[in-house]
Amino acid sequence: MPNSVRGPGDGPRAARPSSSVRGGTGPFVSRREPGTRHSRGAGLSVEQRGRRNRWGLAFLITLLVLVVGRLVVLQGIDGAAYASAAEQDRLRTYTVAALRGQVLDREGHPLAYTVDASRVVADPTVVRDPKRAALALTTLLDVPVPELTEKLSGEGRYVELATQVPPETAKLVEELEIPGVLLKDDPVRLYPAGAVGGQIVGFVGREGAGLAGIEQAYEEQLSGTDGQRTVEVGSGGNPIPSGIDESTPATDGDDVTLTLDQDLQFVTDTRLGEACADGATTRASAVVQDVRTGEVVAMGSCPGYDPGAYRTTDPDLLGNPVLSDVFEPGSIMKAVTLAAAVEEGHATPDRVLSVNGHIDAGDRVVRDAHDHAPVDWTVTGILAKSSNVGTIMLAREVGDQKLEEYLRAFGVGEPTGIELPGESRGILESSADWTQSRAANIPIGQGVSVTTLQMASIYQTIANDGVRVEPRIVRSVTGADGTVRPAPEGERTRVISESTADDLAFMLEAVVGPGGTAPLGQIEGFRVAGKTGTAQRANPETGGYAGGGYVTTFVGFAPADDPQYVVAVELERPTSNAEGGQVAAPVFADIMRAALTADAVVPSGTARPEFRLTGSP
């Protein structure tokens with residue numbers, strides 16, 4: 001019957017619910033529904049579940065404390081530091097270039113000055129649209145679009161787009177506000193006189209430092225002290241208008257005023273250029289020096305160079321040959337030999353010597369320019385006729401050691417001390433090493449080498465009553481505050497007595513007088529004293545004199561009765577044996593005439609004296 005309980009073996013059992021519980025004391029049986037899982041804590045006791053919950057809560061609290069504590073540290077304690085670091089990351093510090101000082105001539109005319117300009121640079125990693133930026137910049141910078149696009153698309157963080165951009169253009173670039181494009185100071189050095197005085201002024205390199213001439217010698221004074229500007233920039237690299245903008249101003253450089261006269265320098269450079277254009281002269285140099293002060297009023301050589309174009313000039317021409325190149329001066333050195341002879345009591349202007357046309361000198365024979373029978377010449381005649389033999393005769397009376405002392409006292413073999421770089425000391429061996437032939441050559445200007453500046457200094461000494469004054473090229477230095485600091489005067493040294501200097505000046509005046517070797521050195525209205533020189537030129541290809549040509553010189557001062565200026569001229573003529581009186585004396589006359597006229601020197605008030613050149617009455 002239905003619902004009855006049947007025993008074992010009684011037929012089929014009635015169906016049971018899937019989750020039924022058996023009676024009796026049998027175990028608890030649970031059957032899972034398909035797709036369900038047991039709860040993880042289903043088998044835990046209440047105590048165990050409580051313990052687990054407490055640990056979880058402790059972990060969450062600890063984590064919360066750590067997070068909150070870190071926030072407190074970041075925002076409260078380290079907040080200022082992080083804010084400062086973020087601000088520092090936005091700061092950019094730029095150099096504010098000092099304006100380089102001017103180089104001026106003695107009248108205040110600028111020979112070199114600096115104007116403001118900018119360098120346009122970019123950080124390609126910040127530039128958003130290189131082609132669009134290139135299109136915006138091409139006209140302003142005068143750089144083709146493809147070139148700018150390539151630079152702005154590069155991988156580096158820094159690239160130059162244009163240099164020495166004028167201020168008005170730089171302002172237009174800045175107004176474009178192109179992300180990643182910035183301006184930096186890039187001043188331009190200008191030389192308004194061009195090549196006039198260029199070898200004295202010198203030039204500055206691409207980084208703004210002096211590399212030659214006054215620009216190099218006075219680098220510290222001219223350069224000034226750079227300043228700094230710190231600005232806060234945005235993501236595009238451009239300054240934030242309301243951000244930090246702090247500056248330390250630059251201190252501009254000092255102005256250097258030279259002793260040069262720009263007008264006379266122009267005349268000197270022009271006349272030397274004409275000499276170099278004669279087809280035989282490969283190099284020419286000249287110096288104009290104030291007799292009383294030693295100031296160099298003009299100094300130049302041909303070929304010269306324009307400091308503003310030094311990068312396109314032959315590097316061999318970027319020096320100053322007037323004080324760096326040495327040569328054998330020839331007969332102009334006879335004035336030193338005769339000065340020693342007069343000072344030591346071996347000669348007077350009227351002393352008469354019987355002079356042969358040649359003289360033995362060890363294994364050599366030295367001759368006058370033209371061999372001749374014995375002639376009774378006065379010492380004045382020996383100098384006026386430029387006799388080699390007569391000069392050697394007097395030098396032997398003076399003695400080698402004493403002659404060397406006079407040569408060195410006149411500045412031979414030593415730098416002059418002028419405030420310019422690259423000066424040569426010349427060449428003068430110790431008299432202890434002179435051979436007989438060398439002892440005969442040196443008194444007549446062979447076997448000894450000088451610069452054009454040294455040559456001028458010798459005659460400045462004679463013209464200045466025997467007192468040598470160190471040549472000077474700088475007159476003063478003016479600070480950025482307007483304070484003028486006069487340059488130190490050249491050191492003064494008495495070399496010969498005033499009476500000896502007067503005797504030498506008298507005899508040197510005979511050189512340009514009747515019967516002398518340099519009538520072309522005369523200047524109308526002025527008495528002139530000077531000396532010619534013609535020396536064999538060493539051939540750089542053979543190391544000897546053969547095929548080297550000649551160096552022709554003339555040095556003199558005027559007015560002879562009241563000397564104001566010394567002019568020294570040197571011409572290098574590898575293919576010509578023309579004498580100094582023929583080619584160098586006219587150059588001297590032109591430059592000296594310009595110097596006297598520019599300074600409004602009064603013409604000589606006395607006539608040229610009469611000179612006795614021979615022993616005959």
# chains A, B, ... in the order shown; residues from 1 in each chain; ligands from 1
call {"tool": "select_by_dssp", "arguments": {"residues": "region 39-225 of chain A", "states": "alpha helix (DSSP H)", "output": "MDAnalysis selection string"}}
result
chainID A and resid 46:72 79:90 130:141 145:152 167:176 198:201 213:217 219:223
call {"tool": "atom_distance", "arguments": {"atom1": "CA of Glu274 (chain A)", "atom2": "CA of Gln582 (chain A)"}}
result
15.0 Å
call {"tool": "closest_residue", "arguments": {"among": "A:Leu190, A:Ala339, A:Val448, A:Val412", "to": "Ala395 (chain A)", "atoms": "only C-alpha atoms"}}
result
A:Ala339
call {"tool": "closest_atom_pairs", "arguments": {"of": "region 501-527 of chain A", "to": "region 317-331 of chain A", "cutoff": "12 Å", "atoms": "only C-alpha atoms", "output": "JSON lines"}}
result
{"residue": "A:Leu508", "atom": "CA", "partner": "A:Ser331", "partner_atom": "CA", "distance": 12.0}
{"residue": "A:Val511", "atom": "CA", "partner": "A:Ser331", "partner_atom": "CA", "distance": 11.6}
{"residue": "A:Thr517", "atom": "CA", "partner": "A:Ser331", "partner_atom": "CA", "distance": 11.0}
call {"tool": "write_last_selection", "arguments": {"atoms": "C-alpha atoms", "output": "PDB file, in the first residue's frame"}}
result
ATOM      1  CA  LEU A 508     122.145 111.036 -40.749  1.00  0.00           C
ATOM      2  CA  VAL A 511     122.367 110.776 -46.002  1.00  0.00           C
ATOM      3  CA  THR A 517     122.345 107.719 -50.764  1.00  0.00           C
TER       4      THR A 517
END
call {"tool": "decode", "arguments": {"residues": "region 238-254 of chain A", "atoms": "all heavy atoms", "output": "short mmCIF file (atom, residue, chain, number, x, y, z; two decimals), in the first residue's frame"}}
result
data_model
loop_
_atom_site.label_atom_id
_atom_site.label_comp_id
_atom_site.auth_asym_id
_atom_site.auth_seq_id
_atom_site.Cartn_x
_atom_site.Cartn_y
_atom_site.Cartn_z
N ASN A 238 58.91 77.92 -23.57
CA ASN A 238 58.82 79.38 -23.60
C ASN A 238 58.52 79.91 -22.19
O ASN A 238 57.86 79.25 -21.39
CB ASN A 238 57.73 79.83 -24.56
CG ASN A 238 58.06 79.45 -25.99
OD1 ASN A 238 59.16 79.71 -26.47
ND2 ASN A 238 57.11 78.83 -26.69
N PRO A 239 59.00 81.11 -21.88
CA PRO A 239 58.80 81.67 -20.54
C PRO A 239 57.32 81.80 -20.19
O PRO A 239 56.49 82.16 -21.03
CB PRO A 239 59.46 83.06 -20.63
CG PRO A 239 60.46 82.92 -21.73
CD PRO A 239 59.85 81.97 -22.72
N ILE A 240 57.00 81.51 -18.93
CA ILE A 240 55.65 81.69 -18.42
C ILE A 240 55.53 83.16 -18.02
O ILE A 240 56.31 83.66 -17.20
CB ILE A 240 55.40 80.79 -17.21
CG1 ILE A 240 55.54 79.31 -17.63
CG2 ILE A 240 54.03 81.05 -16.60
CD1 ILE A 240 55.46 78.34 -16.46
N PRO A 241 54.56 83.89 -18.56
CA PRO A 241 54.47 85.33 -18.30
C PRO A 241 54.46 85.69 -16.83
O PRO A 241 55.07 86.67 -16.42
CB PRO A 241 53.15 85.72 -18.99
CG PRO A 241 52.99 84.70 -20.08
CD PRO A 241 53.53 83.42 -19.52
N SER A 242 53.75 84.93 -16.00
CA SER A 242 53.66 85.25 -14.58
C SER A 242 54.64 84.43 -13.74
O SER A 242 54.57 84.46 -12.52
CB SER A 242 52.23 85.02 -14.08
OG SER A 242 51.86 83.65 -14.28
N GLY A 243 55.51 83.70 -14.40
CA GLY A 243 56.45 82.84 -13.69
C GLY A 243 57.67 83.60 -13.19
O GLY A 243 57.78 84.82 -13.30
N ILE A 244 58.61 82.82 -12.66
CA ILE A 244 59.85 83.40 -12.13
C ILE A 244 60.69 83.98 -13.26
O ILE A 244 60.84 83.37 -14.32
CB ILE A 244 60.65 82.31 -11.39
CG1 ILE A 244 59.89 81.85 -10.15
CG2 ILE A 244 62.04 82.81 -11.01
CD1 ILE A 244 60.52 80.67 -9.45
N ASP A 245 61.22 85.16 -13.05
CA ASP A 245 62.11 85.80 -14.03
C ASP A 245 63.10 86.66 -13.25
O ASP A 245 62.80 87.79 -12.86
CB ASP A 245 61.32 86.66 -15.02
CG ASP A 245 62.16 87.13 -16.20
OD1 ASP A 245 63.41 87.13 -16.07
OD2 ASP A 245 61.59 87.49 -17.24
N GLU A 246 64.28 86.09 -12.97
CA GLU A 246 65.28 86.76 -12.16
C GLU A 246 66.56 86.93 -12.98
O GLU A 246 66.95 86.04 -13.73
CB GLU A 246 65.58 85.96 -10.89
CG GLU A 246 64.36 85.78 -10.00
CD GLU A 246 64.65 84.86 -8.82
OE1 GLU A 246 65.70 84.18 -8.86
OE2 GLU A 246 63.85 84.82 -7.88
N SER A 247 67.21 88.07 -12.81
CA SER A 247 68.41 88.37 -13.61
C SER A 247 69.53 88.91 -12.75
O SER A 247 69.28 89.66 -11.80
CB SER A 247 68.09 89.38 -14.72
OG SER A 247 67.17 88.85 -15.64
N THR A 248 70.76 88.51 -13.09
CA THR A 248 71.97 89.14 -12.57
C THR A 248 72.60 89.87 -13.74
O THR A 248 73.04 89.24 -14.71
CB THR A 248 72.96 88.09 -12.02
OG1 THR A 248 72.33 87.35 -10.98
CG2 THR A 248 74.22 88.76 -11.51
N PRO A 249 72.62 91.19 -13.72
CA PRO A 249 73.08 91.93 -14.90
C PRO A 249 74.55 91.66 -15.23
O PRO A 249 75.36 91.39 -14.33
CB PRO A 249 72.85 93.39 -14.52
CG PRO A 249 72.85 93.40 -13.02
CD PRO A 249 72.26 92.08 -12.61
N ALA A 250 74.85 91.73 -16.50
CA ALA A 250 76.24 91.59 -16.95
C ALA A 250 76.98 92.90 -16.73
O ALA A 250 76.38 93.98 -16.71
CB ALA A 250 76.27 91.21 -18.42
N THR A 251 78.30 92.80 -16.56
CA THR A 251 79.15 93.97 -16.49
C THR A 251 79.89 94.09 -17.80
O THR A 251 80.71 93.22 -18.14
CB THR A 251 80.16 93.87 -15.33
OG1 THR A 251 79.45 93.71 -14.10
CG2 THR A 251 81.03 95.12 -15.26
N ASP A 252 79.58 95.12 -18.57
CA ASP A 252 80.19 95.26 -19.89
C ASP A 252 81.70 95.46 -19.80
O ASP A 252 82.23 95.91 -18.77
CB ASP A 252 79.56 96.45 -20.64
CG ASP A 252 78.11 96.18 -21.02
OD1 ASP A 252 77.73 94.99 -21.05
OD2 ASP A 252 77.38 97.15 -21.28
N GLY A 253 82.38 95.13 -20.89
CA GLY A 253 83.83 95.23 -20.93
C GLY A 253 84.31 96.67 -21.00
O GLY A 253 83.56 97.60 -21.30
N ASP A 254 85.61 96.84 -20.74
CA ASP A 254 86.23 98.16 -20.81
C ASP A 254 86.53 98.53 -22.26
O ASP A 254 86.72 97.65 -23.11
CB ASP A 254 87.54 98.18 -20.02
CG ASP A 254 87.34 97.88 -18.54
OD1 ASP A 254 86.19 98.02 -18.06
OD2 ASP A 254 88.32 97.50 -17.89
#
